[in-house]
Number of protein chains: 2
Amino acid sequence: MSSTHLGIPKGTRDFGPQVMARRQYIFQTIQGVFRKFGFQPLETPSMENLSVLTGKYGDEGDQLLYKIVDSGDFLKKATSVDFEAGHKKLLPKIASKGLRYDLTVPFARYVAMNRHEIAFPFKRYQMQPVWRADRPQKGRYREFYQCDADVVGTSSLLCEAEIIAMVHEVFAGLGIKDYTIQVNHRQLLAGISEAIGASGRQTELAVSLDKLNKIGPEKVLLELESKGFEKDQLTKLEPLLQWQGTWEQLKQPLQDFIQNSNSGKKGMGDLETILQHVSDMGISNSHVEVNVSLARGLAYYTGTIFEVVVNNAQMSSVCGGGRYDDLTGIFGLPDVSGVGISFGVDRVYDVMEQLQLFPEEELSSSEVLLVALDGESERYALTVLSKLRKNGVASELYPDRGKLKKPLNYANKKGVPLVVLIGPDEVSSGKLTVKHMAEGTQEQLTEEQLVGLLKKGHK
Amino acid sequence: MSSTHLGIPKGTRDFGPQVMARRQYIFQTIQGVFRKFGFQPLETPSMENLSVLTGKYGDEGDQLLYKIVDSGDFLKKATSVDFEAGHKKLLPKIASKGLRYDLTVPFARYVAMNRHEIAFPFKRYQMQPVWRADRPQKGRYREFYQCDADVVGTSSLLCEAEIIAMVHEVFAGLGIKDYTIQVNHRQLLAGISEAIGASGRQTELAVSLDKLNKIGPEKVLLELESKGFEKDQLTKLEPLLQWQGTWEQLKQPLQDFIQNSNSGKKGMGDLETILQHVSDMGISNSHVEVNVSLARGLAYYTGTIFEVVVNNAQMSSVCGGGRYDDLTGIFGLPDVSGVGISFGVDRVYDVMEQLQLFPEEELSSSEVLLVALDGESERYALTVLSKLRKNGVASELYPDRGKLKKPLNYANKKGVPLVVLIGPDEVSSGKLTVKHMAEGTQEQLTEEQLVGLLKKGHK
């Protein structure tokens, strides 16, 4: 058998039991917070019609979409002229579906499709994999999970405050203590654009600012120059590239900078209100920093934007989002304002692993392994097993008989803390031999004592 | 905007909040049982290399695989000769990956790949979607979830007994009371084949028997005749097509029928042992029926086979599985015996809906909606909101102000049981107006009383 049969596609991963236990711990933490904040679950199909997906993520995004070959004779609509014209021309003839690239566009499609049944404001969360044919590298996979929460159908800034509160609660739940919630506002960017004398060019500005962390300030300024921004505009802009700090630190300098720009004032007013709401919830804003050069590439954001960075971790942001005023317009439902946040579970996982934040005991495994030494003991062991499970104790009976070494090895490898030996002596005395694997000790317990021990230890 | 933008691919579905709540209830029930029986989670990528998938599901299965167009210039390996040769010849040049068709083949691939790290016997569960380009119809979707539990690396019949025990526990957990676990054994089929004078033809026999429910006994016999089974063989076989009943009912007639067939005796011995184990666990075998014509199409089964049918539901089986002796052999790891079971969540859902078995209160929603009547009340409401959430109460603040009708409507639609009104009077008196939506009553409660009410009601 050729070894190529045994690979998996580049950029994808198997998740074995230990990794899965940790992933489930992250998912459950995030889901618990989403629910506590009144968000309800939604799932959309892995495949969407390509007409829904293409054109929503820019040209580069369209390249990264996974397309699915039409079923049956996929060439029935294709001519040799299409074939000779090359892959771009042929593609629409042979593929009409693609894999989801993010959760936002399918959500917008769902809202537009179900506008008459939905109770607005609609608060939904969605935790599903997405696929991108990107070049795999550290922290970047071709199949990865997003966990999104969005509320659409209201422009209330309470929603932004709730998002900040949720981020705090998720990170507290995961035990991540040292993180920064960076915030900015597209209108503030517009105000800055105005203030440097480049009114209306905030999108070009944002696209370049977005690269600040990757390429550094000099190259950002060079790129802006090549886009036609003038020397004196860039001279004014330059100091702002370093502006990052608490609202208290930046409020006055920003006010001085944007002066009379209405957009700028709107952006600052929003940020002020949001942070006031957060503080009214009794939550400290010490993790929040205004970052004037935070841009987030996605064109659909129109208001506040967020990005969360874990300090001391080798990872760009693990979480991001913002407000958009017209996400569903492209699907024929205009003027539905909304705001959302997306947690990248795979990045959160990598960061928690780097910082060794996973709790030991979270590994899902059986709490006890029964080992029967002969046929009659096995029958007795089955009754013990039933009793343990009736009491909610995850437990199993080693299926094979033979040397004791094998089940003990099994328990060690799987992390089962207790091994219970049942042989003829145990059956006749009613006292089971209980081995504590970590401590290397053993004791004799009755069935009732064993059940009592495990119930107590895990409630 | 064209309305075609708003569709989803045929055979796929969106799951809104209410459906999701019910689906999560099913997933959690199944997962809870899998864990209690010592199974650990595994997830594999949605995409597998086509070399892993093709040839594992028969020719028909290969047709139903979803294939993914290679990234970038997918035509770079294709010539016009390939194109002119038709879609079957072109496909391998333009697509090297496909979507998972079931969870069993990826599991076998995983076991073979990780044989040196795995602690055998390996008990894994896996709950993920699979994709088949099948013709959509009632109970058959193109994207659907399977929930599988398998144990590999042991041939102990305790594992079969555990599977029967798990099925009982899952169905009890879901509130499904009237169901039948049909069992058969491939060796018993071999014995029957022998007994009618058609030694070694049990696979052909099984393939035809598998269609019994769909096409009826006459057509099954005709099909066998066309395969070359002789008249007198079919005459002997015919009465067995109706044999279905408890082990006690069928044991004697089966023994008489198979006489001295060693295969037949092995099959019967296995079934006897398994049912004895189940009964040793204190579980009644009243739901178990031996069904001599149960075949299950999949060729890789070699021992006991299972299928679960919910009585009085318009649905074929909701769950099935069996023992296989050489699942990983095709990936270069021979002689790893295993046994598994697969729950079809989408079918379980449909059956539970038909029989109205979903509990009302399982709908995940906020327990309370706060409504603030002005800005100052909103600040106060935010402190109440924080206190509720600190106490684990899922709660939200209606984000917009205006007529009371809108938040009340929202609460009704979303199924939020309590609405709390907070205006200037409530702020000054410290007494909140609490509306019980179902009862249509209202009362005045302090913040502490409200928290107490909700903590008590939900713990």
# chains A, B, ... in the order shown; residues from 1 in each chain; ligands from 1
call {"tool": "residues_around", "arguments": {"residues": "Ile176 in chain B", "least_positions_apart": "6", "cutoff": "10 Å", "atoms": "only C-alpha atoms", "output": "CSV table (one decimal) with all heavy atoms, in the first residue's frame"}}
result
chain,number,residue,atom,x,y,z
B,168,HIS,N,-29.4,1.7,24.2
B,168,HIS,CA,-30.5,1.9,25.2
B,168,HIS,C,-30.4,3.2,25.9
B,168,HIS,O,-31.4,3.9,26.1
B,168,HIS,CB,-30.4,0.7,26.2
B,168,HIS,CG,-31.0,-0.5,25.8
B,168,HIS,ND1,-30.2,-1.6,25.3
B,168,HIS,CD2,-32.3,-1.0,25.7
B,168,HIS,CE1,-31.0,-2.6,25.0
B,168,HIS,NE2,-32.3,-2.3,25.2
B,170,VAL,N,-28.9,6.1,25.1
B,170,VAL,CA,-29.2,7.2,24.2
B,170,VAL,C,-30.7,7.4,24.0
B,170,VAL,O,-31.2,8.5,24.2
B,170,VAL,CB,-28.5,7.1,22.8
B,170,VAL,CG1,-29.0,8.1,21.8
B,170,VAL,CG2,-27.0,7.3,23.0
B,310,VAL,N,-37.1,3.0,14.9
B,310,VAL,CA,-38.0,3.6,15.8
B,310,VAL,C,-39.4,3.2,15.3
B,310,VAL,O,-39.8,3.4,14.1
B,310,VAL,CB,-37.9,5.1,15.9
B,310,VAL,CG1,-39.0,5.7,16.8
B,310,VAL,CG2,-36.5,5.5,16.4
B,311,ASN,N,-40.2,2.5,16.2
B,311,ASN,CA,-41.5,2.0,15.7
B,311,ASN,C,-42.5,3.2,15.6
B,311,ASN,O,-42.3,4.2,16.3
B,311,ASN,CB,-42.0,0.9,16.7
B,311,ASN,CG,-40.9,-0.2,16.8
B,311,ASN,OD1,-40.4,-0.6,15.8
B,311,ASN,ND2,-40.7,-0.7,18.0
B,348,VAL,N,-32.7,11.0,13.5
B,348,VAL,CA,-33.2,11.0,14.9
B,348,VAL,C,-34.1,12.3,15.1
B,348,VAL,O,-35.2,12.2,15.7
B,348,VAL,CB,-32.1,11.0,15.9
B,348,VAL,CG1,-32.6,11.3,17.3
B,348,VAL,CG2,-31.3,9.7,15.9
B,351,VAL,N,-37.5,11.9,13.4
B,351,VAL,CA,-38.3,11.0,14.1
B,351,VAL,C,-38.9,11.7,15.4
B,351,VAL,O,-40.1,11.6,15.7
B,351,VAL,CB,-37.5,9.7,14.4
B,351,VAL,CG1,-38.2,9.0,15.6
B,351,VAL,CG2,-37.4,8.9,13.2
B,352,MET,N,-38.0,12.4,16.1
B,352,MET,CA,-38.5,13.0,17.3
B,352,MET,C,-39.5,14.1,17.0
B,352,MET,O,-40.4,14.3,17.8
B,352,MET,CB,-37.3,13.6,18.1
B,352,MET,CG,-36.4,12.5,18.7
B,352,MET,SD,-35.1,13.1,19.7
B,352,MET,CE,-36.0,13.9,21.1
B,355,LEU,N,-42.8,12.3,16.2
B,355,LEU,CA,-43.5,11.8,17.4
B,355,LEU,C,-43.6,12.8,18.6
B,355,LEU,O,-44.0,12.5,19.7
B,355,LEU,CB,-42.6,10.6,17.9
B,355,LEU,CG,-42.4,9.4,16.9
B,355,LEU,CD1,-41.6,8.3,17.5
B,355,LEU,CD2,-43.7,8.8,16.4
B,357,LEU,N,-41.5,14.5,20.5
B,357,LEU,CA,-40.7,14.1,21.7
B,357,LEU,C,-39.8,15.2,22.2
B,357,LEU,O,-39.1,15.0,23.2
B,357,LEU,CB,-39.9,12.8,21.4
B,357,LEU,CG,-40.7,11.6,21.1
B,357,LEU,CD1,-39.8,10.4,20.8
B,357,LEU,CD2,-41.6,11.2,22.3
B,358,PHE,N,-39.7,16.3,21.6
B,358,PHE,CA,-38.8,17.4,22.1
B,358,PHE,C,-39.4,18.1,23.3
B,358,PHE,O,-40.6,18.5,23.3
B,358,PHE,CB,-38.6,18.4,21.0
B,358,PHE,CG,-37.6,18.0,19.9
B,358,PHE,CD1,-38.1,17.7,18.6
B,358,PHE,CD2,-36.3,17.7,20.2
B,358,PHE,CE1,-37.2,17.3,17.6
B,358,PHE,CE2,-35.4,17.3,19.2
B,358,PHE,CZ,-35.9,17.1,17.9
call {"tool": "calpha_fit_rmsd", "arguments": {"fixed": "chain B", "moving": "chain A"}}
result
0.1 Å
call {"tool": "atom_distance", "arguments": {"atom1": "CA of Leu333 in chain A", "atom2": "CA of Val111 in chain A"}}
result
8.5 Å
call {"tool": "residues_around", "arguments": {"residues": "Leu221 in chain B", "least_positions_apart": "5", "cutoff": "9 Å", "atoms": "only C-alpha atoms", "output": "ChimeraX atom specification"}}
result
/B:208-209,226,229,234,237-238
call {"tool": "write_last_selection", "arguments": {"atoms": "N, CA, C and O atoms", "output": "short mmCIF file (atom, residue, chain, number, x, y, z; two decimals), in the first residue's frame"}}
result
data_model
loop_
_atom_site.label_atom_id
_atom_site.label_comp_id
_atom_site.auth_asym_id
_atom_site.auth_seq_id
_atom_site.Cartn_x
_atom_site.Cartn_y
_atom_site.Cartn_z
N SER B 208 -28.62 -8.78 -1.65
CA SER B 208 -30.04 -8.85 -2.03
C SER B 208 -30.96 -8.72 -0.81
O SER B 208 -31.97 -8.02 -0.86
N LEU B 209 -30.61 -9.39 0.27
CA LEU B 209 -31.44 -9.32 1.48
C LEU B 209 -31.58 -7.88 1.96
O LEU B 209 -32.61 -7.48 2.49
N SER B 226 -31.76 -14.44 -10.46
CA SER B 226 -30.99 -13.89 -11.59
C SER B 226 -29.49 -13.93 -11.31
O SER B 226 -28.67 -13.87 -12.23
N PHE B 229 -28.77 -18.29 -8.07
CA PHE B 229 -29.22 -19.19 -6.99
C PHE B 229 -30.28 -20.12 -7.57
O PHE B 229 -31.12 -19.70 -8.37
N LEU B 234 -33.65 -21.39 -3.12
CA LEU B 234 -34.53 -20.28 -2.77
C LEU B 234 -35.75 -20.78 -2.00
O LEU B 234 -36.26 -20.08 -1.12
N LEU B 237 -34.70 -21.00 1.40
CA LEU B 237 -34.44 -19.69 2.00
C LEU B 237 -35.73 -18.94 2.34
O LEU B 237 -35.80 -18.24 3.36
N GLU B 238 -36.74 -19.11 1.50
CA GLU B 238 -37.92 -18.25 1.55
C GLU B 238 -38.52 -18.05 2.95
O GLU B 238 -38.75 -16.92 3.36
#
call {"tool": "residues_around", "arguments": {"residues": "Pro239 in chain B", "least_positions_apart": "4", "cutoff": "12 Å", "atoms": "only C-alpha atoms", "output": "PyMOL selection string"}}
result
chain B and resi 192+196+217-218+221+233-235+243-244+253-254+257+292-293
call {"tool": "closest_residue", "arguments": {"among": "A:Gln252, A:Ser279, A:Ser428, A:Ser316", "to": "chain B", "atoms": "only C-alpha atoms"}}
result
A:Ser279
call {"tool": "residues_around", "arguments": {"residues": "range 445-453 of chain A", "least_positions_apart": "5", "cutoff": "12 Å", "atoms": "only C-alpha atoms", "output": "MDAnalysis selection string"}}
result
chainID A and resid 367:368 370 380:381 383:395 418:422 426:436 458:459
call {"tool": "write_last_selection", "arguments": {"atoms": "C-alpha atoms", "output": "short mmCIF file (atom, residue, chain, number, x, y, z; two decimals), in the first residue's frame"}}
result
data_model
loop_
_atom_site.label_atom_id
_atom_site.label_comp_id
_atom_site.auth_asym_id
_atom_site.auth_seq_id
_atom_site.Cartn_x
_atom_site.Cartn_y
_atom_site.Cartn_z
CA GLU A 367 -12.65 8.04 35.65
CA VAL A 368 -12.21 4.34 36.27
CA LEU A 370 -12.35 -2.13 35.60
CA TYR A 380 -19.59 -9.33 38.48
CA ALA A 381 -17.58 -6.48 36.93
CA THR A 383 -22.80 -5.16 37.43
CA VAL A 384 -20.26 -2.78 39.02
CA LEU A 385 -19.88 -1.01 35.69
CA SER A 386 -23.63 -0.47 35.39
CA LYS A 387 -23.81 0.92 38.89
CA LEU A 388 -20.97 3.37 38.25
CA ARG A 389 -22.57 4.61 35.05
CA LYS A 390 -25.97 4.94 36.69
CA ASN A 391 -24.24 7.32 39.05
CA GLY A 392 -22.88 9.33 36.15
CA VAL A 393 -19.32 8.03 36.44
CA ALA A 394 -17.55 7.67 33.09
CA SER A 395 -16.16 4.17 33.30
CA LEU A 418 -8.32 4.62 38.93
CA VAL A 419 -7.95 0.96 37.99
CA VAL A 420 -10.15 -1.56 39.80
CA LEU A 421 -9.06 -5.21 39.80
CA ILE A 422 -11.76 -7.84 40.10
CA GLU A 426 -12.74 -9.76 45.15
CA VAL A 427 -15.96 -11.47 44.06
CA SER A 428 -16.11 -13.63 47.18
CA SER A 429 -15.08 -10.90 49.66
CA GLY A 430 -16.99 -8.06 47.99
CA LYS A 431 -13.86 -5.92 48.44
CA LEU A 432 -12.45 -4.51 45.23
CA THR A 433 -8.76 -3.76 44.72
CA VAL A 434 -8.50 -0.11 43.73
CA LYS A 435 -5.23 1.21 42.28
CA HIS A 436 -4.61 4.96 42.27
CA HIS A 458 -16.52 14.76 40.83
CA LYS A 459 -19.43 16.79 42.08
#
call {"tool": "select_by_dssp", "arguments": {"residues": "range 334-428 of chain A", "states": "helix (DSSP H, G or I)", "output": "JSON, numbers by chain"}}
result
{"A": [345, 346, 347, 348, 349, 350, 351, 352, 353, 354, 360, 361, 362, 375, 376, 377, 378, 379, 380, 381, 382, 383, 384, 385, 386, 387, 388, 389, 390, 405, 406, 407, 408, 409, 410, 411, 412, 413, 414, 424, 425, 426, 427, 428]}
call {"tool": "residues_around", "arguments": {"residues": "Leu99 in chain B", "least_positions_apart": "6", "cutoff": "9 Å", "atoms": "only C-alpha atoms", "output": "ChimeraX atom specification"}}
result
/B:45-50,53,65-68,130-132
call {"tool": "residues_around", "arguments": {"residues": "range 33-38 of chain A", "least_positions_apart": "3", "cutoff": "10 Å", "atoms": "only C-alpha atoms", "output": "ChimeraX atom specification"}}
result
/A:28-30,41,122-126,147-150,162-163,165-170,173 /B:364-369,385,388-390,392-397,414,416
call {"tool": "select_by_dssp", "arguments": {"residues": "range 150-215 of chain A", "states": "strand (DSSP E)", "output": "number ranges by chain"}}
result
A: 150-152, 179-185
call {"tool": "write_last_selection", "arguments": {"atoms": "C-alpha atoms", "output": "compact mmCIF listing (two decimals), in the first residue's frame"}}
result
# COMPACT_ATOMS: atom_id res chain seq x y z
CA ASP A 150 -23.51 39.27 15.82
CA VAL A 151 -26.52 41.42 16.58
CA VAL A 152 -28.30 42.97 13.61
CA TYR A 179 -4.60 40.82 26.67
CA THR A 180 -5.52 44.09 25.01
CA ILE A 181 -8.80 44.96 23.35
CA GLN A 182 -7.80 47.45 20.69
CA VAL A 183 -10.56 49.69 19.44
CA ASN A 184 -10.85 52.23 16.69
CA HIS A 185 -13.67 53.76 14.68
call {"tool": "closest_residue", "arguments": {"among": "A:Ala21, A:Leu212, A:Leu103, A:Leu275", "to": "chain B", "atoms": "only C-alpha atoms"}}
result
A:Ala21
call {"tool": "atom_distance", "arguments": {"atom1": "CA of Cys159 in chain A", "atom2": "CA of Gly282 in chain A"}}
result
15.8 Å
call {"tool": "atom_distance", "arguments": {"atom1": "CA of Asp335 in chain B", "atom2": "CA of Gly264 in chain B"}}
result
22.1 Å
call {"tool": "closest_residue", "arguments": {"among": "A:Gln249, A:Ser377, A:Ser261, A:Gln137", "to": "chain B", "atoms": "only C-alpha atoms"}}
result
A:Ser377
call {"tool": "closest_residue", "arguments": {"among": "A:Gly269, A:Arg23, A:Arg323, A:Ser51", "to": "Ile8 in chain B", "atoms": "only C-alpha atoms"}}
result
A:Ser51
